[in-house]
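**Q** If you scroll down you'll find the structure; I have some questions about it.
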Protein chains: 2
Amino acid sequence: MSSASKALELLSLFTLTQPEIGLSEMCRLAKRDKATTYRHLQVLEKAGFIEQNTTSKRYRLGPALLQLGRMREATVPRKEGAETALVVLAEKTGETAHVSVLSGTTMFALISRESPQHSTRAVIDVTKFPLHATASGVCAVAFGPDDLFDLACNDLKTYTDLTPTTPEALQALVADTRTVGMARSDGRYQRDINSISAPIFDQTGLLAGAVSVASVASRFTPELESIIQTELMAASRHITKSWGGIIPASIEKAWLHATSPHQELDTTS
Amino acid sequence: MSSASKALELLSLFTLTQPEIGLSEMCRLAKRDKATTYRHLQVLEKAGFIEQNTTSKRYRLGPALLQLGRMREATVPRKEGAETALVVLAEKTGETAHVSVLSGTTMFALISRESPQHSTRAVIDVTKFPLHATASGVCAVAFGPDDLFDLACNDLKTYTDLTPTTPEALQALVADTRTVGMARSDGRYQRDINSISAPIFDQTGLLAGAVSVASVASRFTPELESIIQTELMAASRHITKSWGGIIPASIEKAWLHATSPHQELDTTS
DNA sequence: ATTGATCGGTTCATATATCAAACCGTTGTT
DNA sequence: AACAACGGTTTGATATATGAACCGATCAAT
């Protein structure tokens with residue numbers, strides 16, 4: 001593991017529930033020694049990626065991140081194009097909708113939108129989606145670059161008793177995803193969350209991300225599923241268009257067959 | 001120079017005018033060799049800090065920055081509290097207003113707001129403000145931690161023929177800044193830009209940042225200066241309050257004397 | 001087709017960072 | 001006063017990063 005990546009890894013230890021971390025605590029979280037961790041923190045602080053709370057001596061994320069985030073959005077305006085579609089999606093389904101982007105070999109959470117319709121709802125608090133256990137991740141494996149499958153197989157971490165833990169199990173999910181043009185994750189990442197994900201494409205025709213709806217399992221009826229699927233297709237088309245891409249014909253075809261699976265299961269030949 | 005800092009430095013090479021950079025180009029900009037730079041880019045890409053344009057092979061800022069930026073704003077909501085004051089400031093002065101934050105020993109640009117009133121206006125396109133040559137920087141030296149003065153003296157880079165290049169010259173600016181409670185930079189950073197800056201404080205009573213107005217020198221009349229000063233005080237009070245801090249009594253006292261300097265210069269004793 | 005320039009990416013002695021562990025001074029608790 | 005935990009520093013054997021030179025691919029001009 002390179003030095004730089006070790007330093008960067010420290011940044012991902014900050015969470016919404018633990019936004020300030022002291023030196024010793026950070027060593028425990030990162031499982032590293034104090035000397036190096038301290039040097040890394042110094043470097044990160046000097047670059048403005050973290051700053052130290054002058055009274056508590058603990059560290060928190062720094063102002064340089066805002067800068068770079070703004071610059072990123074100016075360079076590649078992803079949020080902009082996804083926001084409106086996400087609002088509609090959350091509203092029409094009454095569930096939590098979110099968009100993730102594929103960068104390299106990782107699915108990053110980009111933006112999420114909760115629907116106020118129900119008091120219990122899914123909350124997207126992760127920053128990276130495991131490729132094998134989430135709908136977004138499986139979507140990436142199914143429609144993204146070929147190397148993702150092997151990569152996902154190298155890290156089949158178990159999250160729930162439903163998480164696929166063998167390459168074969170994952171392959172089955174991927175195959176299913178390809179036939180319907182959407183990925184599902186029924187409690188494979190979090191026990192009581194059912195998710196459905198549709199792919200988003202960019203101008204090169206490659207997968208750019210995924211738009212998903214995460215629903216609480218207890219209210220996940222076939223009717224709701226049907227609504228979610230329909231709205232996901234609309235959202236995917238909208239976002240893909242706004243990102244300058246087009247939906248591949250193969251996906252559109254798969255969607256045609258998948259729209260009303262409960263009435264027309266027999267039409268697939 | 002540590003490995004991690006070298007990698008992080010690469011991120012600051014991306015600008016709005018050059019949002020995509022290839023490997024060789026980056027080596028030139030960073031003045032480093034290709035092998036190491038390439039490895040650093042790999043690390044940054046894997047962490048999602050940059051991503052590679054699949055067609056042009058060039059690199060651009062990545063989605064992880066959006067995440068971290070969002071998380072930073074969630075933990076330390078700085079922009080939120082500064083935004084409204086900045087809009088008012090830009091509107092009332094007709095000039096470009098911006099807020100910078102002190103993190104460690106660096107003044108970072110946080111947010112800027114241009115006034116559409118004039119077709120020529122100052123544009124804030126830097127990410128870090130030199131301590132000795134900008135109003136924001138001098139503000140930090142004058143009202144911030146003591147070590148900033150020595151630090152600023154170690155890097156007295158010349159930007160224009162008016163840039164202070166000796167510790168004595170800087171000390172004079174700092175002294176003046178302390179008596180009026182605001183910092184000025186008349187063409188010391190950019191030849192035709194006059195800036196005035198007021199300090200912002202946080203809950204610990206320490207300097208947290210600065211709010212500034214950058215005006216085009218040719219229309220910088222005493223009347224405009226007076227307006228800017230008045231509005232800066234209001235903005236500083238507003239932002240300081242929203243950041244949970246209070247303006248030190250010494251600053252408020254200095255401001256009292258400085259409000260109408262053209263009529264009451266003789267009242268200072 | 002050949003040259004030459006430039007690109008993204010790789011190799012291998014050598015310089016540098018890393019880590020465990022012990023240490024220091026401070027702070028807050030018992 | 002004793003103690004424990006904190007942030008931060010030092011040590012020296014060991015793991016890792018570094019960079020000049022190198023490679024093959026691409027492209028423009030001859």
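Residues are referred to by chain and number: the chain letter is A, B, ... according to the order shown in the structure tokens, the number counts from 1 in that chain, and ligands are numbered separately from 1 in the order shown.
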Would you list the contacts of DA21 (chain D) as a compact mmCIF listing (two decimals) with N, CA and C atoms (P, O5', C5', C4', C3', O3' and C1' of nucleotides), in the first residue's frame, taking every protein, DNA or RNA residue within 12 Å and counting only C-alpha atoms (C1' of nucleotides), but skipping same-chain residues closer than 2 positions in sequence?
**A**
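What follows is the written file selection.txt:
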```txt
# COMPACT_ATOMS: atom_id res chain seq x y z
N ASP B 33 8.92 13.71 -12.05
CA ASP B 33 9.17 12.68 -13.05
C ASP B 33 7.87 11.91 -13.35
N LYS B 34 7.91 11.22 -14.42
CA LYS B 34 6.71 10.55 -14.90
C LYS B 34 6.30 9.36 -14.04
N ALA B 35 7.28 8.57 -13.66
CA ALA B 35 6.96 7.34 -12.93
C ALA B 35 6.19 7.62 -11.65
P DT C 10 1.93 0.17 -16.67
O5' DT C 10 3.50 -0.06 -16.80
C5' DT C 10 4.02 -0.76 -17.92
C4' DT C 10 5.52 -0.98 -17.75
C3' DT C 10 5.97 -1.61 -16.42
O3' DT C 10 6.87 -2.67 -16.70
C1' DT C 10 7.20 0.36 -16.85
P DT C 11 7.34 -3.69 -15.53
O5' DT C 11 8.89 -3.34 -15.35
C5' DT C 11 9.76 -3.40 -16.48
C4' DT C 11 11.14 -2.89 -16.11
C3' DT C 11 11.71 -3.45 -14.81
O3' DT C 11 12.99 -4.00 -15.06
C1' DT C 11 11.88 -1.08 -14.83
P DC C 12 13.63 -5.10 -14.09
O5' DC C 12 14.73 -4.24 -13.29
C5' DC C 12 15.78 -3.57 -13.99
C4' DC C 12 16.50 -2.62 -13.04
C3' DC C 12 16.91 -3.25 -11.70
O3' DC C 12 18.21 -2.78 -11.36
C1' DC C 12 15.60 -1.35 -11.30
P DG D 19 11.36 11.81 -7.23
O5' DG D 19 12.25 11.39 -8.49
C5' DG D 19 13.66 11.29 -8.31
C4' DG D 19 14.29 10.60 -9.51
C3' DG D 19 13.85 11.15 -10.87
O3' DG D 19 14.97 11.11 -11.73
C1' DG D 19 13.41 8.88 -10.79
P DC D 23 14.74 -0.23 -24.15
O5' DC D 23 13.15 -0.30 -24.24
C5' DC D 23 12.44 -1.16 -23.36
C4' DC D 23 10.95 -1.02 -23.64
C3' DC D 23 10.59 -1.06 -25.12
O3' DC D 23 9.81 -2.22 -25.38
C1' DC D 23 9.47 0.73 -24.00
```
**Q** If we count only C-alpha atoms (C1' of nucleotides) and set the cut-off at 10 Å, which residues sit around region 83-94 of chain A, ignoring sequence neighbours fewer than 2 positions away in its own chain? Please answer as a ChimeraX atom specification.
**A** /A:78-81,96-99,111-118,121,211-215,224-232,234-239,242
**Q** I need the residues from that last selection saved to file as a JSON list (two decimals), in the first residue's frame (with C-alpha atoms), if you can.
**A**
```json
[["chain", "number", "residue", "atom", "x", "y", "z"],
["A", 78, "ARG", "CA", -23.29, 15.46, -12.65],
["A", 79, "LYS", "CA", -25.37, 16.60, -9.71],
["A", 80, "GLU", "CA", -27.02, 19.30, -11.71],
["A", 81, "GLY", "CA", -28.50, 16.90, -14.23],
["A", 96, "THR", "CA", -35.51, 7.14, -1.04],
["A", 97, "ALA", "CA", -33.90, 7.71, -4.43],
["A", 98, "HIS", "CA", -30.20, 8.09, -5.04],
["A", 99, "VAL", "CA", -27.66, 8.33, -7.83],
["A", 111, "ILE", "CA", -26.63, 12.46, -4.31],
["A", 112, "SER", "CA", -29.65, 11.10, -2.52],
["A", 113, "ARG", "CA", -33.17, 12.30, -1.99],
["A", 114, "GLU", "CA", -35.54, 11.01, 0.65],
["A", 115, "SER", "CA", -39.30, 11.11, 0.33],
["A", 116, "PRO", "CA", -41.06, 12.53, 3.37],
["A", 117, "GLN", "CA", -44.04, 10.28, 2.66],
["A", 118, "HIS", "CA", -43.17, 7.65, 5.25],
["A", 121, "ARG", "CA", -37.30, 5.21, 5.11],
["A", 211, "VAL", "CA", -30.03, 5.60, -10.33],
["A", 212, "SER", "CA", -31.68, 3.64, -7.56],
["A", 213, "VAL", "CA", -34.65, 3.47, -5.27],
["A", 214, "ALA", "CA", -34.22, 1.99, -1.81],
["A", 215, "SER", "CA", -37.41, 0.86, -0.17],
["A", 224, "LEU", "CA", -44.72, -0.61, -5.62],
["A", 225, "GLU", "CA", -42.06, -2.56, -7.45],
["A", 226, "SER", "CA", -43.83, -1.92, -10.73],
["A", 227, "ILE", "CA", -44.05, 1.80, -10.04],
["A", 228, "ILE", "CA", -40.40, 1.94, -9.05],
["A", 229, "GLN", "CA", -39.34, 0.17, -12.22],
["A", 230, "THR", "CA", -41.34, 2.49, -14.43],
["A", 231, "GLU", "CA", -40.05, 5.59, -12.69],
["A", 232, "LEU", "CA", -36.49, 4.31, -12.68],
["A", 234, "ALA", "CA", -37.82, 7.48, -16.81],
["A", 235, "ALA", "CA", -35.17, 8.74, -14.40],
["A", 236, "SER", "CA", -32.41, 6.83, -16.12],
["A", 237, "ARG", "CA", -33.44, 8.20, -19.51],
["A", 238, "HIS", "CA", -33.58, 11.71, -18.12],
["A", 239, "ILE", "CA", -30.24, 11.64, -16.33],
["A", 242, "SER", "CA", -28.63, 15.32, -19.22]]
```
**Q** Need the shell around Glu25 (chain B): protein/DNA/RNA residues with any atom at most 12 Å away, counting only C-alpha atoms (C1' of nucleotides). Skip same-chain ones fewer than 3 positions apart. Format as a JSON list (two decimals) with N, CA and C atoms (P, O5', C5', C4', C3', O3' and C1' of nucleotides), in the first residue's frame?
**A**
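So the final result, stored in out.json, reads:
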```
[["chain", "number", "residue", "atom", "x", "y", "z"],
["B", 10, "LEU", "N", -0.88, 17.42, -6.67],
["B", 10, "LEU", "CA", -1.35, 17.25, -8.05],
["B", 10, "LEU", "C", -2.77, 17.75, -8.21],
["B", 13, "LEU", "N", -3.44, 21.32, -9.18],
["B", 13, "LEU", "CA", -3.04, 21.76, -10.53],
["B", 13, "LEU", "C", -4.25, 21.89, -11.45],
["B", 14, "PHE", "N", -5.34, 21.26, -11.05],
["B", 14, "PHE", "CA", -6.56, 21.39, -11.85],
["B", 14, "PHE", "C", -7.18, 22.76, -11.62],
["B", 18, "GLN", "N", -8.16, 24.82, -16.92],
["B", 18, "GLN", "CA", -7.53, 23.57, -17.35],
["B", 18, "GLN", "C", -8.03, 22.42, -16.48],
["B", 20, "GLU", "N", -8.78, 19.35, -17.31],
["B", 20, "GLU", "CA", -8.30, 18.01, -17.65],
["B", 20, "GLU", "C", -6.81, 18.08, -17.98],
["B", 21, "ILE", "N", -6.05, 17.18, -17.39],
["B", 21, "ILE", "CA", -4.60, 17.21, -17.54],
["B", 21, "ILE", "C", -4.09, 15.81, -17.82],
["B", 22, "GLY", "N", -3.25, 15.68, -18.84],
["B", 22, "GLY", "CA", -2.64, 14.39, -19.16],
["B", 22, "GLY", "C", -1.41, 14.15, -18.30],
["B", 28, "ARG", "N", 5.06, 18.22, -16.15],
["B", 28, "ARG", "CA", 5.62, 19.55, -16.39],
["B", 28, "ARG", "C", 5.11, 20.53, -15.34],
["B", 29, "LEU", "N", 3.80, 20.51, -15.12],
["B", 29, "LEU", "CA", 3.21, 21.45, -14.16],
["B", 29, "LEU", "C", 3.75, 21.22, -12.75],
["B", 30, "ALA", "N", 3.89, 19.96, -12.38],
["B", 30, "ALA", "CA", 4.34, 19.65, -11.02],
["B", 30, "ALA", "C", 5.85, 19.58, -10.93],
["B", 31, "LYS", "N", 6.50, 19.63, -12.08],
["B", 31, "LYS", "CA", 7.97, 19.51, -12.14],
["B", 31, "LYS", "C", 8.44, 18.23, -11.47],
["B", 32, "ARG", "N", 7.81, 17.14, -11.85],
["B", 32, "ARG", "CA", 8.20, 15.84, -11.29],
["B", 32, "ARG", "C", 8.37, 14.83, -12.41],
["B", 33, "ASP", "N", 8.92, 13.71, -12.05],
["B", 33, "ASP", "CA", 9.17, 12.68, -13.05],
["B", 33, "ASP", "C", 7.87, 11.91, -13.35],
["B", 34, "LYS", "N", 7.91, 11.22, -14.42],
["B", 34, "LYS", "CA", 6.71, 10.55, -14.90],
["B", 34, "LYS", "C", 6.30, 9.36, -14.04],
["B", 37, "THR", "N", 4.77, 10.43, -10.67],
["B", 37, "THR", "CA", 3.53, 11.13, -10.93],
["B", 37, "THR", "C", 2.45, 10.15, -11.37],
["B", 38, "TYR", "N", 2.83, 9.22, -12.22],
["B", 38, "TYR", "CA", 1.86, 8.23, -12.68],
["B", 38, "TYR", "C", 1.32, 7.41, -11.52],
["B", 57, "LYS", "N", -7.72, 9.93, -22.28],
["B", 57, "LYS", "CA", -6.70, 9.43, -21.34],
["B", 57, "LYS", "C", -6.24, 10.50, -20.35],
["B", 58, "ARG", "N", -6.84, 11.67, -20.43],
["B", 58, "ARG", "CA", -6.43, 12.72, -19.50],
["B", 58, "ARG", "C", -7.22, 12.59, -18.19],
["B", 59, "TYR", "N", -6.68, 13.20, -17.17],
["B", 59, "TYR", "CA", -7.29, 13.08, -15.84],
["B", 59, "TYR", "C", -8.09, 14.34, -15.49],
["C", 6, "DT", "P", 8.50, 17.21, -28.61],
["C", 6, "DT", "O5'", 7.25, 16.40, -28.06],
["C", 6, "DT", "C5'", 6.03, 16.36, -28.81],
["C", 6, "DT", "C4'", 5.17, 15.24, -28.28],
["C", 6, "DT", "C3'", 5.20, 15.10, -26.76],
["C", 6, "DT", "O3'", 3.91, 15.34, -26.22],
["C", 6, "DT", "C1'", 5.34, 12.99, -27.84],
["C", 7, "DC", "P", 3.60, 15.34, -24.65],
["C", 7, "DC", "O5'", 2.76, 14.01, -24.45],
["C", 7, "DC", "C5'", 1.61, 13.78, -25.28],
["C", 7, "DC", "C4'", 1.26, 12.31, -25.29],
["C", 7, "DC", "C3'", 1.29, 11.65, -23.91],
["C", 7, "DC", "O3'", 0.05, 11.84, -23.28],
["C", 7, "DC", "C1'", 2.28, 10.25, -25.58],
["C", 8, "DG", "P", -0.08, 11.59, -21.72],
["C", 8, "DG", "O5'", -0.19, 10.01, -21.58],
["C", 8, "DG", "C5'", -1.33, 9.34, -22.11],
["C", 8, "DG", "C4'", -1.14, 7.85, -21.96],
["C", 8, "DG", "C3'", -1.14, 7.37, -20.51],
["C", 8, "DG", "O3'", -1.82, 6.14, -20.41],
["C", 8, "DG", "C1'", 0.92, 6.82, -21.54]]
```
**Q** Output as a PyMOL selection string the set of chain A residues within 8 Å of chain B, with distances taken over only C-alpha atoms.
**A** chain A and resi 2-5+7-9+15-16+19+40+43-48+51-52+55+60-75+101+103-106+108-110+127+204
**Q** How would the residues just picked look written out with C-alpha atoms as an mmCIF file, in the first residue's frame?
**A**
```cif
data_model
loop_
_atom_site.group_PDB
_atom_site.id
_atom_site.type_symbol
_atom_site.label_atom_id
_atom_site.label_comp_id
_atom_site.auth_asym_id
_atom_site.auth_seq_id
_atom_site.Cartn_x
_atom_site.Cartn_y
_atom_site.Cartn_z
ATOM 1 C CA SER A 2 1.418 3.305 -1.056
ATOM 2 C CA SER A 3 2.111 6.142 1.274
ATOM 3 C CA ALA A 4 -0.247 8.520 -0.444
ATOM 4 C CA SER A 5 -3.128 6.068 -0.346
ATOM 5 C CA ALA A 7 -2.937 9.281 3.889
ATOM 6 C CA LEU A 8 -6.017 9.506 1.691
ATOM 7 C CA GLU A 9 -7.587 6.570 3.470
ATOM 8 C CA THR A 15 -18.418 10.041 8.814
ATOM 9 C CA LEU A 16 -21.537 12.001 9.570
ATOM 10 C CA PRO A 19 -17.089 14.032 12.035
ATOM 11 C CA HIS A 40 -0.118 12.028 7.389
ATOM 12 C CA VAL A 43 0.240 16.666 5.421
ATOM 13 C CA LEU A 44 -3.528 16.591 5.056
ATOM 14 C CA GLU A 45 -3.866 19.617 7.290
ATOM 15 C CA LYS A 46 -1.259 21.595 5.396
ATOM 16 C CA ALA A 47 -3.136 20.851 2.188
ATOM 17 C CA GLY A 48 -6.405 21.992 3.786
ATOM 18 C CA GLU A 51 -8.232 21.006 10.019
ATOM 19 C CA GLN A 52 -7.746 20.737 13.719
ATOM 20 C CA THR A 55 -9.715 23.422 21.513
ATOM 21 C CA ARG A 60 -12.185 17.259 10.972
ATOM 22 C CA LEU A 61 -12.545 17.620 7.213
ATOM 23 C CA GLY A 62 -11.092 20.846 5.838
ATOM 24 C CA PRO A 63 -12.111 23.664 3.515
ATOM 25 C CA ALA A 64 -10.000 22.578 0.548
ATOM 26 C CA LEU A 65 -12.524 19.804 -0.055
ATOM 27 C CA LEU A 66 -15.263 22.322 -0.735
ATOM 28 C CA GLN A 67 -13.068 23.968 -3.335
ATOM 29 C CA LEU A 68 -12.211 20.807 -5.113
ATOM 30 C CA GLY A 69 -15.782 19.594 -4.924
ATOM 31 C CA ARG A 70 -16.957 22.795 -6.526
ATOM 32 C CA MET A 71 -14.301 22.492 -9.205
ATOM 33 C CA ARG A 72 -15.292 18.893 -9.894
ATOM 34 C CA GLU A 73 -18.905 19.881 -10.374
ATOM 35 C CA ALA A 74 -17.804 22.719 -12.648
ATOM 36 C CA THR A 75 -15.761 20.263 -14.709
ATOM 37 C CA VAL A 101 -21.354 7.330 -10.283
ATOM 38 C CA SER A 103 -15.256 6.195 -11.200
ATOM 39 C CA GLY A 104 -12.566 3.731 -12.092
ATOM 40 C CA THR A 105 -13.769 0.557 -10.457
ATOM 41 C CA THR A 106 -15.783 2.050 -7.632
ATOM 42 C CA PHE A 108 -19.538 6.386 -5.440
ATOM 43 C CA ALA A 109 -22.672 7.847 -3.904
ATOM 44 C CA LEU A 110 -23.364 11.137 -5.671
ATOM 45 C CA THR A 127 -19.900 6.729 0.259
ATOM 46 C CA THR A 204 -19.049 7.378 -24.848
#
```
**Q** Quick one: pull the distance between C1' of DA13 (chain D) and CA of Thr36 (chain B), Å, one decimal.
**A**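 Calculated distance between C1' of DA13 (chain D) and CA of Thr36 (chain B) is 25.6 Å.
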**Q** Calculate how many Å separate CA of Tyr189 (chain A) from CA of Pro167 (chain A), rounding to one decimal.
**A**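 The value is 16.4 Å.
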**Q** Residues near DA5 (chain C), anyone? I mean within 12 Å using only C-alpha atoms (C1' of nucleotides), not counting same-chain ones fewer than 5 positions away, as a list in words.
**A**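 Near DA5 (chain C), the qualifying residues are DT26, DC27, DA28 and DA29 of chain D.
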**Q** Distance limit 8 Å, atoms considered: only C-alpha atoms (C1' of nucleotides). Which chain C residues sit that close to chain A? Return them as a ChimeraX atom specification.
**A** /C:17-20
**Q** I need the residues from that last selection saved to file as a JSON list (two decimals), in the first residue's frame (with N, CA and C atoms (P, O5', C5', C4', C3', O3' and C1' of nucleotides)), if you can.
**A**
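The resulting file, selection32.json, is reproduced below:
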```
[["chain", "number", "residue", "atom", "x", "y", "z"],
["C", 17, "DA", "P", 10.87, 11.08, 3.02],
["C", 17, "DA", "O5'", 10.00, 9.79, 3.36],
["C", 17, "DA", "C5'", 9.09, 9.30, 2.39],
["C", 17, "DA", "C4'", 8.43, 8.03, 2.89],
["C", 17, "DA", "C3'", 7.58, 8.20, 4.13],
["C", 17, "DA", "O3'", 6.42, 7.39, 3.97],
["C", 17, "DA", "C1'", 9.30, 6.62, 4.56],
["C", 18, "DT", "P", 5.29, 7.39, 5.06],
["C", 18, "DT", "O5'", 5.62, 6.07, 5.89],
["C", 18, "DT", "C5'", 5.61, 4.83, 5.20],
["C", 18, "DT", "C4'", 6.00, 3.71, 6.14],
["C", 18, "DT", "C3'", 5.20, 3.69, 7.45],
["C", 18, "DT", "O3'", 4.55, 2.42, 7.51],
["C", 18, "DT", "C1'", 7.54, 3.41, 7.84],
["C", 19, "DC", "P", 3.27, 2.27, 8.40],
["C", 19, "DC", "O5'", 3.84, 1.48, 9.66],
["C", 19, "DC", "C5'", 4.50, 0.24, 9.46],
["C", 19, "DC", "C4'", 5.30, -0.11, 10.71],
["C", 19, "DC", "C3'", 4.54, 0.06, 12.02],
["C", 19, "DC", "O3'", 4.59, -1.17, 12.72],
["C", 19, "DC", "C1'", 6.68, 1.08, 12.15],
["C", 20, "DA", "P", 3.42, -1.64, 13.66],
["C", 20, "DA", "O5'", 4.19, -2.02, 15.00],
["C", 20, "DA", "C5'", 5.22, -2.99, 14.96],
["C", 20, "DA", "C4'", 6.17, -2.77, 16.12],
["C", 20, "DA", "C3'", 5.51, -2.65, 17.50],
["C", 20, "DA", "O3'", 6.20, -3.51, 18.40],
["C", 20, "DA", "C1'", 6.91, -0.77, 17.09]]
```
**Q** For chain D, which residue among A:Leu41, A:Leu162, A:Ile246, A:Leu207 is the nearest when counting only C-alpha atoms (C1' of nucleotides)?
**A**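 The closest residue to chain D is A:Leu41.
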